[in-house]
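**Q** Submitted below is the structure of interest, expressed as structure tokens.
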Amino acid sequence: RTRVGVLALQGDVREHAALLSGLGADVVPVRRPGELSSVDGLVIPGGESSVIDKLSRTFGMQQPIRDAIEAGLPVYGTCAGLILLADTVLDGIEGQESFGGMDIDVRRNAFGRQTESFETELSVPALGQAPVRATFIRAPIVERVGADVEVLASLADGTVVAVEQGSLLGTSFHPEVDGETRFHERFLAKARAVADAGMR
Ligand code: GLN
């Protein structure tokens with residue numbers, strides 16, 4: 001069984017853990033460097049990116065996570081998790097940092113007060129024909145993607161909301177609240193490949 005972690009500093013950890021368990025993975029909450037080194041993949045949940053950032057530094061997790069990303073650990077970030085994977089965060093709070101790894105600029109809370117949250121259906125060709133039901137909650141958007149980044153989904157107006165770069169996957173929205181499993185399956189496939197190859 002593939003052993004994956006959910007970064008459990010803040011956010012909707014339980015929803016991700018339940019979904020991943022349902023897909024047959026061994027799931028561990030990750031709060032310490034030792035727990036991080038025991039997994040073949042990591043989910044960074046939605047929540048508040050500035051809080052997860054601060055706690056990761058308090059718990060001595062920022063550098064271990066950066067090192068793991070550099071070493072090729074598959075990571076899937078949703079919403080706040082996507083913000084934490086971005087090399088550049090726009091509209092972060094004073095002093096906010098990210099783990100980085102994806103060559104993207106992400107803007108926090110990009111939909112503003114009028115539309116704090118909404119649902120829509122997205123076409124995500126990489127995941128097959130059936131549309132993805134997507135829930136956005138104080139969601140970020142991807143404002144710039146680097147040359148090595150693949151856009152997996154955009155809104156009708158072209159706003160980029162799902163991206164992939166090598167072992168890293170990120171969505172502005174929360175598939176885990178809609179019972180949408182295909183992003184997590186895609187992440188687990190990456191984790192399995194890394195485990196099988198003994199890459200880590
Ligand atoms: N607005 C949040 C942030 O900056 C993200 C919201 C979410 O994860 N649902 O981190």
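Chain labels follow the order of the structure tokens: the first chain is A, the next B, and so on; residue numbering restarts at 1 in every chain, and ligands are counted from 1 in their shown order.
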Using only C-alpha atoms and all ligand atoms, which residues of the polymer chains come no farther than 8 Å from ligand 1? I'd like the answer as a PDB file with C-alpha atoms, in the first residue's frame.

**A**
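Below is the file that was written, result.pdb:
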ATOM      1  CA  GLY A  11      -6.906  23.151   7.586  1.00  0.00           C
ATOM      2  CA  PRO A  45      -4.801  20.874   2.598  1.00  0.00           C
ATOM      3  CA  GLY A  46      -6.954  23.948   2.274  1.00  0.00           C
ATOM      4  CA  GLY A  47      -7.142  26.270   5.212  1.00  0.00           C
ATOM      5  CA  GLU A  48      -5.254  29.501   5.764  1.00  0.00           C
ATOM      6  CA  SER A  49      -1.932  29.581   3.953  1.00  0.00           C
ATOM      7  CA  SER A  50      -0.381  32.219   6.217  1.00  0.00           C
ATOM      8  CA  VAL A  51      -1.170  30.104   9.290  1.00  0.00           C
ATOM      9  CA  THR A  78      -5.496  22.389  -2.603  1.00  0.00           C
ATOM     10  CA  CYS A  79      -6.331  26.075  -2.182  1.00  0.00           C
ATOM     11  CA  ALA A  80      -4.079  27.192   0.695  1.00  0.00           C
ATOM     12  CA  GLY A  81      -1.911  24.195  -0.270  1.00  0.00           C
ATOM     13  CA  ILE A  83      -0.506  28.903  -2.403  1.00  0.00           C
ATOM     14  CA  GLY A  92       0.174  37.418   1.015  1.00  0.00           C
ATOM     15  CA  ARG A 108      -4.563  34.854  -2.583  1.00  0.00           C
ATOM     16  CA  ASN A 109      -8.281  35.521  -2.074  1.00  0.00           C
ATOM     17  CA  PHE A 136     -13.974  27.508  -4.503  1.00  0.00           C
ATOM     18  CA  ILE A 137     -13.695  28.955  -0.968  1.00  0.00           C
ATOM     19  CA  ARG A 138     -11.808  32.240  -0.618  1.00  0.00           C
ATOM     20  CA  ALA A 139      -9.806  30.744  -3.393  1.00  0.00           C
ATOM     21  CA  PRO A 140      -6.522  31.774  -4.993  1.00  0.00           C
ATOM     22  CA  SER A 172      -7.492  26.460  -6.405  1.00  0.00           C
ATOM     23  CA  PHE A 173     -10.569  24.478  -5.404  1.00  0.00           C
ATOM     24  CA  HIS A 174     -11.422  21.605  -3.039  1.00  0.00           C
TER      25      HIS A 174
END

**Q** So that I can check the surroundings of Asp26 in chain A, please list as a list in words every protein, DNA and RNA residue that reaches within 7 Å of it, counting only C-alpha atoms and ignoring chain neighbours fewer than 6 positions away.

**A** Arg1, Thr2, Arg3 and Val4 of chain A

**Q** May I have the residues within 10 Å of range 96-99 of chain A as an MDAnalysis selection string, using only C-alpha atoms and disregarding those fewer than 6 positions away in the same chain?

**A** chainID A and resid 49:54 56:57 61:67 69 81:90

**Q** Among the residues of chain A, find those DSSP assigns to alpha helix (DSSP H) from the backbone and print them as a tab-separated table (two decimals) with C-alpha atoms, in the first residue's frame.

**A**
chain	number	residue	atom	x	y	z
A	13	VAL	CA	-6.89	17.56	7.07
A	14	ARG	CA	-9.64	15.05	7.86
A	15	GLU	CA	-11.45	15.38	4.53
A	16	HIS	CA	-8.26	14.61	2.60
A	17	ALA	CA	-7.31	11.74	4.91
A	18	ALA	CA	-10.75	10.16	4.52
A	19	LEU	CA	-10.69	10.46	0.74
A	20	LEU	CA	-7.17	9.02	0.46
A	21	SER	CA	-8.01	6.13	2.83
A	22	GLY	CA	-11.07	5.43	0.69
A	33	PRO	CA	10.24	15.92	9.95
A	34	GLY	CA	10.38	12.23	10.94
A	35	GLU	CA	6.80	11.72	9.75
A	36	LEU	CA	7.58	13.47	6.48
A	49	SER	CA	-1.93	29.58	3.95
A	50	SER	CA	-0.38	32.22	6.22
A	51	VAL	CA	-1.17	30.10	9.29
A	52	ILE	CA	0.16	26.90	7.75
A	53	ASP	CA	3.28	28.83	6.70
A	54	LYS	CA	3.86	30.16	10.22
A	55	LEU	CA	3.22	26.83	11.91
A	56	SER	CA	5.52	25.06	9.47
A	57	ARG	CA	8.33	27.36	10.55
A	58	THR	CA	7.45	26.99	14.26
A	62	GLN	CA	9.63	24.47	6.27
A	63	GLN	CA	13.12	23.35	5.27
A	64	PRO	CA	12.33	19.60	5.39
A	65	ILE	CA	9.33	20.16	3.11
A	66	ARG	CA	11.39	22.31	0.73
A	67	ASP	CA	14.08	19.62	0.66
A	68	ALA	CA	11.50	16.88	0.04
A	69	ILE	CA	9.96	18.83	-2.85
A	70	GLU	CA	13.43	19.36	-4.30
A	80	ALA	CA	-4.08	27.19	0.70
A	81	GLY	CA	-1.91	24.19	-0.27
A	82	LEU	CA	-1.60	25.54	-3.82
A	83	ILE	CA	-0.51	28.90	-2.40
A	84	LEU	CA	2.18	27.14	-0.37
A	85	LEU	CA	3.52	25.36	-3.48
A	182	ARG	CA	-9.56	11.93	-9.65
A	183	PHE	CA	-7.00	14.53	-8.53
A	184	HIS	CA	-6.15	12.41	-5.50
A	185	GLU	CA	-5.89	9.32	-7.70
A	186	ARG	CA	-3.51	11.19	-9.96
A	187	PHE	CA	-1.45	12.22	-6.92
A	188	LEU	CA	-1.43	8.63	-5.59
A	189	ALA	CA	-0.21	7.34	-8.95
A	190	LYS	CA	2.76	9.71	-8.69
A	191	ALA	CA	3.43	8.59	-5.12
A	192	ARG	CA	3.27	4.93	-6.17
A	193	ALA	CA	5.68	5.56	-9.04
A	194	VAL	CA	8.17	7.25	-6.74
A	195	ALA	CA	7.89	4.42	-4.19
A	196	ASP	CA	8.29	1.72	-6.86

**Q** Please identify all polymer residues within 6 Å of range 41-43 of chain A, counting only C-alpha atoms, omitting same-chain residues fewer than 4 positions from it, and present them as a count of residues only.

**A** 9
